[in-house]
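Next comes model33.txt, a file with compact mmCIF, N, CA and C atoms.
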```txt
# COMPACT_ATOMS: atom_id res chain seq x y z
N MET A 1 -0.50 147.21 -96.62
CA MET A 1 -1.25 148.26 -95.98
C MET A 1 -1.23 148.00 -94.48
N THR A 2 -0.98 149.03 -93.70
CA THR A 2 -0.94 148.85 -92.26
C THR A 2 -2.21 149.40 -91.63
N SER A 3 -2.56 148.79 -90.51
CA SER A 3 -3.75 149.27 -89.82
C SER A 3 -3.35 150.36 -88.83
N LYS A 4 -4.35 151.00 -88.24
CA LYS A 4 -4.09 152.07 -87.30
C LYS A 4 -3.51 151.54 -85.99
N THR A 5 -3.82 150.28 -85.68
CA THR A 5 -3.28 149.68 -84.47
C THR A 5 -2.25 148.64 -84.86
N ALA A 6 -1.20 148.56 -84.09
CA ALA A 6 -0.15 147.59 -84.37
C ALA A 6 -0.59 146.21 -83.89
N ASN A 7 -0.20 145.18 -84.63
CA ASN A 7 -0.49 143.82 -84.20
C ASN A 7 0.43 143.47 -83.03
N LYS A 8 -0.18 143.16 -81.92
CA LYS A 8 0.56 142.90 -80.69
C LYS A 8 1.18 141.51 -80.70
N PHE A 9 0.57 140.59 -81.42
CA PHE A 9 0.99 139.20 -81.40
C PHE A 9 1.61 138.78 -82.73
N ALA A 10 2.59 137.92 -82.66
CA ALA A 10 3.21 137.37 -83.86
C ALA A 10 2.21 136.47 -84.57
N PRO A 11 2.35 136.33 -85.88
CA PRO A 11 1.41 135.47 -86.62
C PRO A 11 1.35 134.04 -86.07
N GLU A 12 2.47 133.51 -85.60
CA GLU A 12 2.49 132.15 -85.05
C GLU A 12 1.60 132.05 -83.81
N VAL A 13 1.63 133.08 -82.97
CA VAL A 13 0.82 133.09 -81.75
C VAL A 13 -0.66 133.15 -82.12
N ARG A 14 -0.99 133.99 -83.10
CA ARG A 14 -2.40 134.09 -83.53
C ARG A 14 -2.89 132.77 -84.10
N GLU A 15 -2.07 132.13 -84.93
CA GLU A 15 -2.47 130.85 -85.52
C GLU A 15 -2.64 129.78 -84.45
N ARG A 16 -1.74 129.78 -83.47
CA ARG A 16 -1.83 128.80 -82.39
C ARG A 16 -3.09 129.02 -81.56
N ALA A 17 -3.44 130.27 -81.29
CA ALA A 17 -4.65 130.57 -80.53
C ALA A 17 -5.89 130.06 -81.27
N VAL A 18 -5.92 130.26 -82.58
CA VAL A 18 -7.06 129.77 -83.37
C VAL A 18 -7.12 128.25 -83.32
N ARG A 19 -5.97 127.60 -83.46
CA ARG A 19 -5.94 126.13 -83.38
C ARG A 19 -6.41 125.66 -82.00
N MET A 20 -6.02 126.38 -80.95
CA MET A 20 -6.44 126.01 -79.60
C MET A 20 -7.95 126.08 -79.47
N VAL A 21 -8.58 127.08 -80.08
CA VAL A 21 -10.05 127.18 -80.03
C VAL A 21 -10.66 125.96 -80.70
N PHE A 22 -10.17 125.58 -81.86
CA PHE A 22 -10.71 124.41 -82.56
C PHE A 22 -10.47 123.13 -81.75
N ASP A 23 -9.28 123.01 -81.16
CA ASP A 23 -8.93 121.80 -80.43
C ASP A 23 -9.71 121.64 -79.12
N HIS A 24 -10.03 122.74 -78.44
CA HIS A 24 -10.65 122.67 -77.12
C HIS A 24 -12.12 123.06 -77.10
N GLU A 25 -12.70 123.23 -78.27
CA GLU A 25 -14.10 123.65 -78.35
C GLU A 25 -15.04 122.68 -77.64
N ARG A 26 -14.73 121.40 -77.72
CA ARG A 26 -15.62 120.41 -77.12
C ARG A 26 -15.50 120.37 -75.58
N ASP A 27 -14.47 121.02 -75.03
CA ASP A 27 -14.27 121.04 -73.57
C ASP A 27 -15.09 122.13 -72.88
N TYR A 28 -15.75 122.99 -73.65
CA TYR A 28 -16.50 124.12 -73.10
C TYR A 28 -17.95 124.05 -73.57
N PRO A 29 -18.85 124.72 -72.86
CA PRO A 29 -20.26 124.65 -73.24
C PRO A 29 -20.58 125.34 -74.57
N SER A 30 -19.76 126.30 -74.98
CA SER A 30 -20.02 127.00 -76.25
C SER A 30 -18.69 127.46 -76.84
N ARG A 31 -18.76 127.84 -78.10
CA ARG A 31 -17.55 128.37 -78.75
C ARG A 31 -17.11 129.65 -78.06
N TRP A 32 -18.07 130.51 -77.73
CA TRP A 32 -17.72 131.77 -77.10
C TRP A 32 -16.99 131.54 -75.77
N ALA A 33 -17.43 130.56 -75.01
CA ALA A 33 -16.76 130.24 -73.75
C ALA A 33 -15.32 129.79 -74.02
N THR A 34 -15.13 129.03 -75.08
CA THR A 34 -13.78 128.59 -75.47
C THR A 34 -12.92 129.79 -75.83
N VAL A 35 -13.48 130.67 -76.64
CA VAL A 35 -12.75 131.86 -77.09
C VAL A 35 -12.36 132.73 -75.91
N VAL A 36 -13.30 132.97 -75.00
CA VAL A 36 -13.03 133.82 -73.84
C VAL A 36 -11.91 133.22 -72.99
N SER A 37 -11.97 131.93 -72.76
CA SER A 37 -10.97 131.26 -71.94
C SER A 37 -9.58 131.36 -72.56
N ILE A 38 -9.47 131.09 -73.84
CA ILE A 38 -8.16 131.12 -74.53
C ILE A 38 -7.66 132.55 -74.66
N ALA A 39 -8.56 133.49 -74.94
CA ALA A 39 -8.18 134.89 -75.05
C ALA A 39 -7.58 135.39 -73.73
N GLU A 40 -8.18 134.99 -72.62
CA GLU A 40 -7.64 135.40 -71.31
C GLU A 40 -6.25 134.82 -71.09
N LYS A 41 -6.05 133.60 -71.53
CA LYS A 41 -4.75 132.95 -71.33
C LYS A 41 -3.63 133.60 -72.14
N ILE A 42 -3.95 134.05 -73.34
CA ILE A 42 -2.88 134.65 -74.16
C ILE A 42 -2.86 136.17 -74.05
N GLY A 43 -3.88 136.74 -73.41
CA GLY A 43 -3.89 138.18 -73.18
C GLY A 43 -4.41 139.01 -74.34
N CYS A 44 -5.40 138.50 -75.05
CA CYS A 44 -5.99 139.29 -76.14
C CYS A 44 -7.48 139.49 -75.87
N VAL A 45 -8.10 140.29 -76.69
CA VAL A 45 -9.52 140.59 -76.57
C VAL A 45 -10.30 139.42 -77.20
N PRO A 46 -11.33 138.91 -76.51
CA PRO A 46 -12.09 137.77 -77.05
C PRO A 46 -12.69 138.03 -78.43
N GLN A 47 -13.19 139.26 -78.66
CA GLN A 47 -13.80 139.56 -79.96
C GLN A 47 -12.79 139.40 -81.10
N THR A 48 -11.55 139.82 -80.85
CA THR A 48 -10.51 139.71 -81.88
C THR A 48 -10.23 138.25 -82.19
N LEU A 49 -10.07 137.44 -81.16
CA LEU A 49 -9.82 136.02 -81.37
C LEU A 49 -11.00 135.37 -82.08
N HIS A 50 -12.21 135.75 -81.70
CA HIS A 50 -13.41 135.18 -82.35
C HIS A 50 -13.43 135.51 -83.84
N GLU A 51 -13.07 136.75 -84.19
CA GLU A 51 -13.01 137.14 -85.61
C GLU A 51 -11.94 136.33 -86.35
N ARG A 52 -10.82 136.10 -85.71
CA ARG A 52 -9.76 135.30 -86.34
C ARG A 52 -10.21 133.85 -86.55
N VAL A 53 -10.96 133.31 -85.62
CA VAL A 53 -11.48 131.95 -85.75
C VAL A 53 -12.45 131.88 -86.93
N LYS A 54 -13.35 132.88 -87.03
CA LYS A 54 -14.30 132.90 -88.16
C LYS A 54 -13.56 133.04 -89.49
N LYS A 55 -12.53 133.88 -89.52
CA LYS A 55 -11.75 134.06 -90.75
C LYS A 55 -11.04 132.76 -91.13
N ALA A 56 -10.54 132.03 -90.16
CA ALA A 56 -9.89 130.74 -90.42
C ALA A 56 -10.89 129.75 -91.00
N GLU A 57 -12.13 129.79 -90.51
CA GLU A 57 -13.17 128.90 -91.05
C GLU A 57 -13.50 129.27 -92.50
N VAL A 58 -13.56 130.55 -92.81
CA VAL A 58 -13.83 130.98 -94.19
C VAL A 58 -12.68 130.53 -95.09
N ASP A 59 -11.44 130.74 -94.64
CA ASP A 59 -10.28 130.37 -95.45
C ASP A 59 -10.20 128.87 -95.69
N SER A 60 -10.67 128.08 -94.74
CA SER A 60 -10.62 126.62 -94.89
C SER A 60 -11.84 126.07 -95.62
N GLY A 61 -12.85 126.91 -95.86
CA GLY A 61 -14.05 126.47 -96.58
C GLY A 61 -15.15 125.94 -95.68
N LYS A 62 -14.97 125.99 -94.36
CA LYS A 62 -15.99 125.51 -93.43
C LYS A 62 -17.12 126.50 -93.26
N ARG A 63 -16.90 127.74 -93.63
CA ARG A 63 -17.89 128.81 -93.48
C ARG A 63 -17.92 129.60 -94.78
N GLY A 64 -19.09 130.08 -95.14
CA GLY A 64 -19.22 130.87 -96.35
C GLY A 64 -18.58 132.24 -96.19
N GLY A 65 -18.14 132.80 -97.30
CA GLY A 65 -17.53 134.12 -97.28
C GLY A 65 -16.38 134.19 -98.27
N VAL A 66 -15.73 135.33 -98.31
CA VAL A 66 -14.62 135.54 -99.23
C VAL A 66 -13.31 135.21 -98.51
N PRO A 67 -12.55 134.24 -99.04
CA PRO A 67 -11.28 133.89 -98.41
C PRO A 67 -10.30 135.07 -98.42
N THR A 68 -9.38 135.05 -97.48
CA THR A 68 -8.43 136.16 -97.31
C THR A 68 -7.62 136.42 -98.57
N ASP A 69 -7.13 135.36 -99.23
CA ASP A 69 -6.30 135.57 -100.42
C ASP A 69 -7.08 136.23 -101.54
N VAL A 70 -8.35 135.88 -101.68
CA VAL A 70 -9.19 136.50 -102.71
C VAL A 70 -9.47 137.96 -102.35
N ALA A 71 -9.76 138.22 -101.08
CA ALA A 71 -10.03 139.60 -100.64
C ALA A 71 -8.79 140.47 -100.84
N ASP A 72 -7.61 139.93 -100.56
CA ASP A 72 -6.36 140.68 -100.76
C ASP A 72 -6.14 140.99 -102.24
N LYS A 73 -6.43 140.02 -103.10
CA LYS A 73 -6.26 140.21 -104.54
C LYS A 73 -7.23 141.28 -105.06
N VAL A 74 -8.48 141.23 -104.60
CA VAL A 74 -9.48 142.23 -105.01
C VAL A 74 -9.03 143.62 -104.56
N LYS A 75 -8.53 143.71 -103.33
CA LYS A 75 -8.08 145.00 -102.81
C LYS A 75 -6.93 145.55 -103.64
N ALA A 76 -5.98 144.68 -104.02
CA ALA A 76 -4.85 145.11 -104.83
C ALA A 76 -5.31 145.56 -106.22
N LEU A 77 -6.25 144.83 -106.81
CA LEU A 77 -6.77 145.21 -108.12
C LEU A 77 -7.55 146.52 -108.06
N GLU A 78 -8.30 146.72 -107.00
CA GLU A 78 -9.03 148.00 -106.85
C GLU A 78 -8.05 149.16 -106.73
N ARG A 79 -6.95 148.96 -106.00
CA ARG A 79 -5.93 150.00 -105.87
C ARG A 79 -5.30 150.30 -107.23
N GLU A 80 -5.02 149.24 -108.00
CA GLU A 80 -4.42 149.42 -109.32
C GLU A 80 -5.37 150.17 -110.25
N VAL A 81 -6.65 149.83 -110.22
CA VAL A 81 -7.64 150.51 -111.06
C VAL A 81 -7.70 151.99 -110.69
N ARG A 82 -7.69 152.28 -109.37
CA ARG A 82 -7.74 153.68 -108.91
C ARG A 82 -6.52 154.45 -109.43
N GLU A 83 -5.33 153.83 -109.34
CA GLU A 83 -4.11 154.49 -109.81
C GLU A 83 -4.14 154.71 -111.32
N LEU A 84 -4.64 153.73 -112.07
CA LEU A 84 -4.72 153.87 -113.52
C LEU A 84 -5.73 154.95 -113.92
N ARG A 85 -6.84 155.03 -113.19
CA ARG A 85 -7.81 156.09 -113.48
C ARG A 85 -7.21 157.46 -113.22
N GLN A 86 -6.43 157.59 -112.15
CA GLN A 86 -5.77 158.86 -111.86
C GLN A 86 -4.78 159.21 -112.97
N ALA A 87 -4.02 158.21 -113.43
CA ALA A 87 -3.05 158.45 -114.50
C ALA A 87 -3.76 158.86 -115.78
N ASN A 88 -4.87 158.19 -116.11
CA ASN A 88 -5.64 158.54 -117.31
C ASN A 88 -6.20 159.96 -117.21
N GLU A 89 -6.65 160.34 -116.02
CA GLU A 89 -7.18 161.69 -115.83
C GLU A 89 -6.08 162.73 -116.07
N ILE A 90 -4.90 162.45 -115.60
CA ILE A 90 -3.77 163.36 -115.81
C ILE A 90 -3.45 163.47 -117.30
N LEU A 91 -3.49 162.34 -117.99
CA LEU A 91 -3.18 162.35 -119.42
C LEU A 91 -4.25 163.05 -120.24
N ARG A 92 -5.49 163.07 -119.76
CA ARG A 92 -6.57 163.73 -120.50
C ARG A 92 -6.53 165.25 -120.38
N LYS A 93 -5.91 165.75 -119.32
CA LYS A 93 -5.88 167.19 -119.12
C LYS A 93 -5.03 167.85 -120.19
N PRO A 94 -5.44 169.03 -120.64
CA PRO A 94 -4.65 169.71 -121.67
C PRO A 94 -3.30 170.14 -121.12
N VAL A 95 -2.31 170.13 -122.02
CA VAL A 95 -0.96 170.53 -121.64
C VAL A 95 -0.93 172.04 -121.52
N LEU A 96 -0.33 172.52 -120.46
CA LEU A 96 -0.20 173.97 -120.29
C LEU A 96 0.75 174.51 -121.34
N SER A 97 0.49 175.70 -121.82
CA SER A 97 1.38 176.27 -122.83
C SER A 97 2.70 176.66 -122.17
N LEU A 98 3.78 176.44 -122.90
CA LEU A 98 5.11 176.74 -122.39
C LEU A 98 5.43 178.21 -122.60
N PRO A 99 6.28 178.79 -121.77
CA PRO A 99 6.67 180.18 -121.98
C PRO A 99 7.39 180.34 -123.31
N LYS A 100 7.38 181.55 -123.84
CA LYS A 100 8.00 181.82 -125.13
C LYS A 100 9.44 181.35 -125.13
N GLY A 101 9.81 180.66 -126.16
CA GLY A 101 11.17 180.19 -126.30
C GLY A 101 11.38 178.80 -125.72
N ALA A 102 10.57 178.41 -124.74
CA ALA A 102 10.76 177.10 -124.12
C ALA A 102 10.47 175.98 -125.11
N SER A 103 9.41 176.15 -125.92
CA SER A 103 9.07 175.09 -126.87
C SER A 103 10.18 174.94 -127.91
N ALA A 104 10.76 176.04 -128.33
CA ALA A 104 11.87 175.97 -129.29
C ALA A 104 13.07 175.28 -128.66
N TYR A 105 13.33 175.57 -127.39
CA TYR A 105 14.46 174.96 -126.69
C TYR A 105 14.28 173.45 -126.64
N PHE A 106 13.06 172.98 -126.25
CA PHE A 106 12.83 171.55 -126.14
C PHE A 106 12.83 170.88 -127.52
N ALA A 107 12.35 171.56 -128.53
CA ALA A 107 12.38 171.01 -129.89
C ALA A 107 13.82 170.84 -130.35
N GLN A 108 14.67 171.81 -130.09
CA GLN A 108 16.08 171.72 -130.47
C GLN A 108 16.77 170.60 -129.70
N ALA A 109 16.47 170.48 -128.43
CA ALA A 109 17.07 169.41 -127.62
C ALA A 109 16.68 168.05 -128.18
N GLU A 110 15.47 167.93 -128.67
CA GLU A 110 15.01 166.68 -129.27
C GLU A 110 15.79 166.39 -130.55
N LEU A 111 16.07 167.41 -131.34
CA LEU A 111 16.81 167.23 -132.60
C LEU A 111 18.28 166.90 -132.34
N ASP A 112 18.83 167.37 -131.23
CA ASP A 112 20.22 167.11 -130.92
C ASP A 112 20.48 165.70 -130.42
N ARG A 113 19.43 165.00 -129.99
CA ARG A 113 19.63 163.63 -129.50
C ARG A 113 19.96 162.71 -130.65
N PRO A 114 20.88 161.76 -130.42
CA PRO A 114 21.22 160.80 -131.50
C PRO A 114 20.01 159.93 -131.84
N PHE A 115 19.88 159.60 -133.09
CA PHE A 115 18.80 158.76 -133.58
C PHE A 115 19.10 157.31 -133.25
N ARG A 116 18.13 156.61 -132.67
CA ARG A 116 18.30 155.20 -132.33
C ARG A 116 17.54 154.33 -133.30
N ARG A 117 18.17 153.27 -133.71
CA ARG A 117 17.52 152.32 -134.63
C ARG A 117 17.12 151.08 -133.95
```
Could you quickly redo this structure as structure tokens?
Amino acid sequence: MTSKTANKFAPEVRERAVRMVFDHERDYPSRWATVVSIAEKIGCVPQTLHERVKKAEVDSGKRGGVPTDVADKVKALEREVRELRQANEILRKPVLSLPKGASAYFAQAELDRPFRR
């Protein structure tokens, strides 16, 4: 699934920026000061980098929350359930009646097919 905005940075750059925040956190008075400094250096918005840092903490177990892989799996399962419900709804709807002669045509076509064992 794609977002409305394109990712400006390669995944390697994003991961490196997050690592830089963890590595240099003790050099600044607060985490936010660290994030702002590193965000300015790589040219991204501090809020975005801060969210990525929090997500990395959740994924590593340092912070409570749903890890990315679990959230992705839940999202995929929800999409599958939605598709299956739509398919079931289609199957529950009554079949429209065929025009005169069409049902006989399809019945004959079925009889003409070779029998498979």
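Separating atom CA of Glu80 of chain A from atom CA of Gly65 of chain A is a distance of 23.5 Å.
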Q | Non-local contacts of Ala17 of chain A (10 Å; only C-alpha atoms; under 5 positions in same chain excluded) as JSON, numbers by chain | A | {"A": [11, 12, 22, 23, 35, 38, 39, 41, 42, 44, 49, 52, 53]}
Q.
At a cut-off of 8 Å, using all atoms listed in the file, what residues contact Thr34 of chain A? Leave out same-chain residues fewer than 3 positions from it and give the result as a PyMOL selection string.
A. chain A and resi 20-22+24-31+37-40
Q. What separation in Å, quoted to one decimal, exists between atom CA of Ala10 of chain A and atom CA of Lys62 of chain A?
A.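 Calculated distance between atom CA of Ala10 of chain A and atom CA of Lys62 of chain A is 24.5 Å.
The gap separating atom CA of Arg16 of chain A from atom CA of Glu57 of chain A is 14.3 Å, in Å to one decimal.
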Padding 8 Å on every side, please: axis-aligned box over the listed atoms of segment 43-50 of chain A, centre and edge lengths to one decimal in Å, as JSON.
```
{"center_x": -8.8, "center_y": 137.9, "center_z": -78.5, "size_x": 25.9, "size_y": 21.4, "size_z": 26.7}
```
Kindly complete segment 82-93 of chain A to all heavy atoms; the output should be written as a PDB file, keeping the file's coordinate frame.
```pdb
ATOM      1  N   ARG A  82      -7.690 152.280-109.370  1.00  0.00           N
ATOM      2  CA  ARG A  82      -7.740 153.680-108.910  1.00  0.00           C
ATOM      3  C   ARG A  82      -6.520 154.450-109.430  1.00  0.00           C
ATOM      4  O   ARG A  82      -6.639 155.566-109.924  1.00  0.00           O
ATOM      5  CB  ARG A  82      -7.798 153.706-107.389  1.00  0.00           C
ATOM      6  CG  ARG A  82      -7.994 155.074-106.796  1.00  0.00           C
ATOM      7  CD  ARG A  82      -8.235 155.046-105.289  1.00  0.00           C
ATOM      8  NE  ARG A  82      -7.240 154.302-104.542  1.00  0.00           N
ATOM      9  CZ  ARG A  82      -7.427 153.109-103.967  1.00  0.00           C
ATOM     10  NH1 ARG A  82      -8.605 152.518-104.061  1.00  0.00           N
ATOM     11  NH2 ARG A  82      -6.467 152.498-103.313  1.00  0.00           N
ATOM     12  N   GLU A  83      -5.330 153.830-109.340  1.00  0.00           N
ATOM     13  CA  GLU A  83      -4.110 154.490-109.810  1.00  0.00           C
ATOM     14  C   GLU A  83      -4.140 154.710-111.320  1.00  0.00           C
ATOM     15  O   GLU A  83      -3.727 155.767-111.816  1.00  0.00           O
ATOM     16  CB  GLU A  83      -2.883 153.678-109.419  1.00  0.00           C
ATOM     17  CG  GLU A  83      -2.616 153.677-107.923  1.00  0.00           C
ATOM     18  CD  GLU A  83      -1.577 152.652-107.502  1.00  0.00           C
ATOM     19  OE1 GLU A  83      -1.058 151.913-108.365  1.00  0.00           O
ATOM     20  OE2 GLU A  83      -1.287 152.589-106.301  1.00  0.00           O
ATOM     21  N   LEU A  84      -4.640 153.730-112.070  1.00  0.00           N
ATOM     22  CA  LEU A  84      -4.720 153.870-113.520  1.00  0.00           C
ATOM     23  C   LEU A  84      -5.730 154.950-113.920  1.00  0.00           C
ATOM     24  O   LEU A  84      -5.488 155.698-114.872  1.00  0.00           O
ATOM     25  CB  LEU A  84      -5.080 152.526-114.164  1.00  0.00           C
ATOM     26  CG  LEU A  84      -3.981 151.466-114.114  1.00  0.00           C
ATOM     27  CD1 LEU A  84      -4.527 150.116-114.562  1.00  0.00           C
ATOM     28  CD2 LEU A  84      -2.788 151.876-114.956  1.00  0.00           C
ATOM     29  N   ARG A  85      -6.840 155.030-113.190  1.00  0.00           N
ATOM     30  CA  ARG A  85      -7.810 156.090-113.480  1.00  0.00           C
ATOM     31  C   ARG A  85      -7.210 157.460-113.220  1.00  0.00           C
ATOM     32  O   ARG A  85      -7.445 158.396-113.982  1.00  0.00           O
ATOM     33  CB  ARG A  85      -9.075 155.892-112.658  1.00  0.00           C
ATOM     34  CG  ARG A  85      -9.942 154.777-113.186  1.00  0.00           C
ATOM     35  CD  ARG A  85     -11.235 154.657-112.437  1.00  0.00           C
ATOM     36  NE  ARG A  85     -12.050 153.620-113.064  1.00  0.00           N
ATOM     37  CZ  ARG A  85     -12.966 152.916-112.441  1.00  0.00           C
ATOM     38  NH1 ARG A  85     -13.223 153.143-111.171  1.00  0.00           N
ATOM     39  NH2 ARG A  85     -13.649 151.998-113.085  1.00  0.00           N
ATOM     40  N   GLN A  86      -6.430 157.590-112.150  1.00  0.00           N
ATOM     41  CA  GLN A  86      -5.770 158.860-111.860  1.00  0.00           C
ATOM     42  C   GLN A  86      -4.780 159.210-112.970  1.00  0.00           C
ATOM     43  O   GLN A  86      -4.707 160.357-113.402  1.00  0.00           O
ATOM     44  CB  GLN A  86      -5.058 158.807-110.509  1.00  0.00           C
ATOM     45  CG  GLN A  86      -5.993 158.802-109.337  1.00  0.00           C
ATOM     46  CD  GLN A  86      -5.274 158.570-108.015  1.00  0.00           C
ATOM     47  OE1 GLN A  86      -4.119 158.172-107.980  1.00  0.00           O
ATOM     48  NE2 GLN A  86      -5.979 158.811-106.917  1.00  0.00           N
ATOM     49  N   ALA A  87      -4.020 158.210-113.430  1.00  0.00           N
ATOM     50  CA  ALA A  87      -3.050 158.450-114.500  1.00  0.00           C
ATOM     51  C   ALA A  87      -3.760 158.860-115.780  1.00  0.00           C
ATOM     52  O   ALA A  87      -3.333 159.778-116.489  1.00  0.00           O
ATOM     53  CB  ALA A  87      -2.210 157.203-114.733  1.00  0.00           C
ATOM     54  N   ASN A  88      -4.870 158.190-116.110  1.00  0.00           N
ATOM     55  CA  ASN A  88      -5.640 158.540-117.310  1.00  0.00           C
ATOM     56  C   ASN A  88      -6.200 159.960-117.210  1.00  0.00           C
ATOM     57  O   ASN A  88      -6.214 160.696-118.197  1.00  0.00           O
ATOM     58  CB  ASN A  88      -6.782 157.558-117.525  1.00  0.00           C
ATOM     59  CG  ASN A  88      -6.300 156.260-118.134  1.00  0.00           C
ATOM     60  OD1 ASN A  88      -5.222 156.196-118.713  1.00  0.00           O
ATOM     61  ND2 ASN A  88      -7.096 155.217-117.983  1.00  0.00           N
ATOM     62  N   GLU A  89      -6.650 160.340-116.020  1.00  0.00           N
ATOM     63  CA  GLU A  89      -7.180 161.690-115.830  1.00  0.00           C
ATOM     64  C   GLU A  89      -6.080 162.730-116.070  1.00  0.00           C
ATOM     65  O   GLU A  89      -6.321 163.753-116.707  1.00  0.00           O
ATOM     66  CB  GLU A  89      -7.761 161.837-114.427  1.00  0.00           C
ATOM     67  CG  GLU A  89      -8.515 163.114-114.209  1.00  0.00           C
ATOM     68  CD  GLU A  89      -9.730 163.256-115.126  1.00  0.00           C
ATOM     69  OE1 GLU A  89     -10.370 162.237-115.453  1.00  0.00           O
ATOM     70  OE2 GLU A  89     -10.025 164.390-115.532  1.00  0.00           O
ATOM     71  N   ILE A  90      -4.900 162.450-115.600  1.00  0.00           N
ATOM     72  CA  ILE A  90      -3.770 163.360-115.810  1.00  0.00           C
ATOM     73  C   ILE A  90      -3.450 163.470-117.300  1.00  0.00           C
ATOM     74  O   ILE A  90      -3.213 164.557-117.821  1.00  0.00           O
ATOM     75  CB  ILE A  90      -2.534 162.885-115.023  1.00  0.00           C
ATOM     76  CG1 ILE A  90      -2.777 163.083-113.525  1.00  0.00           C
ATOM     77  CG2 ILE A  90      -1.270 163.625-115.460  1.00  0.00           C
ATOM     78  CD1 ILE A  90      -1.747 162.416-112.641  1.00  0.00           C
ATOM     79  N   LEU A  91      -3.490 162.340-117.990  1.00  0.00           N
ATOM     80  CA  LEU A  91      -3.180 162.350-119.420  1.00  0.00           C
ATOM     81  C   LEU A  91      -4.250 163.050-120.240  1.00  0.00           C
ATOM     82  O   LEU A  91      -3.964 163.575-121.316  1.00  0.00           O
ATOM     83  CB  LEU A  91      -2.986 160.916-119.926  1.00  0.00           C
ATOM     84  CG  LEU A  91      -1.757 160.199-119.379  1.00  0.00           C
ATOM     85  CD1 LEU A  91      -1.767 158.737-119.801  1.00  0.00           C
ATOM     86  CD2 LEU A  91      -0.483 160.883-119.853  1.00  0.00           C
ATOM     87  N   ARG A  92      -5.490 163.070-119.760  1.00  0.00           N
ATOM     88  CA  ARG A  92      -6.570 163.730-120.500  1.00  0.00           C
ATOM     89  C   ARG A  92      -6.530 165.250-120.380  1.00  0.00           C
ATOM     90  O   ARG A  92      -7.090 165.942-121.218  1.00  0.00           O
ATOM     91  CB  ARG A  92      -7.919 163.233-119.990  1.00  0.00           C
ATOM     92  CG  ARG A  92      -8.266 161.863-120.487  1.00  0.00           C
ATOM     93  CD  ARG A  92      -9.710 161.533-120.155  1.00  0.00           C
ATOM     94  NE  ARG A  92      -9.952 160.140-120.430  1.00  0.00           N
ATOM     95  CZ  ARG A  92     -10.185 159.210-119.507  1.00  0.00           C
ATOM     96  NH1 ARG A  92     -10.249 159.542-118.244  1.00  0.00           N
ATOM     97  NH2 ARG A  92     -10.371 157.960-119.855  1.00  0.00           N
ATOM     98  N   LYS A  93      -5.910 165.750-119.320  1.00  0.00           N
ATOM     99  CA  LYS A  93      -5.880 167.190-119.120  1.00  0.00           C
ATOM    100  C   LYS A  93      -5.030 167.850-120.190  1.00  0.00           C
ATOM    101  O   LYS A  93      -4.014 167.304-120.608  1.00  0.00           O
ATOM    102  CB  LYS A  93      -5.322 167.522-117.732  1.00  0.00           C
ATOM    103  CG  LYS A  93      -6.273 167.151-116.628  1.00  0.00           C
ATOM    104  CD  LYS A  93      -5.729 167.562-115.290  1.00  0.00           C
ATOM    105  CE  LYS A  93      -6.734 167.189-114.212  1.00  0.00           C
ATOM    106  NZ  LYS A  93      -6.244 167.534-112.883  1.00  0.00           N
TER     107      LYS A  93
END
```
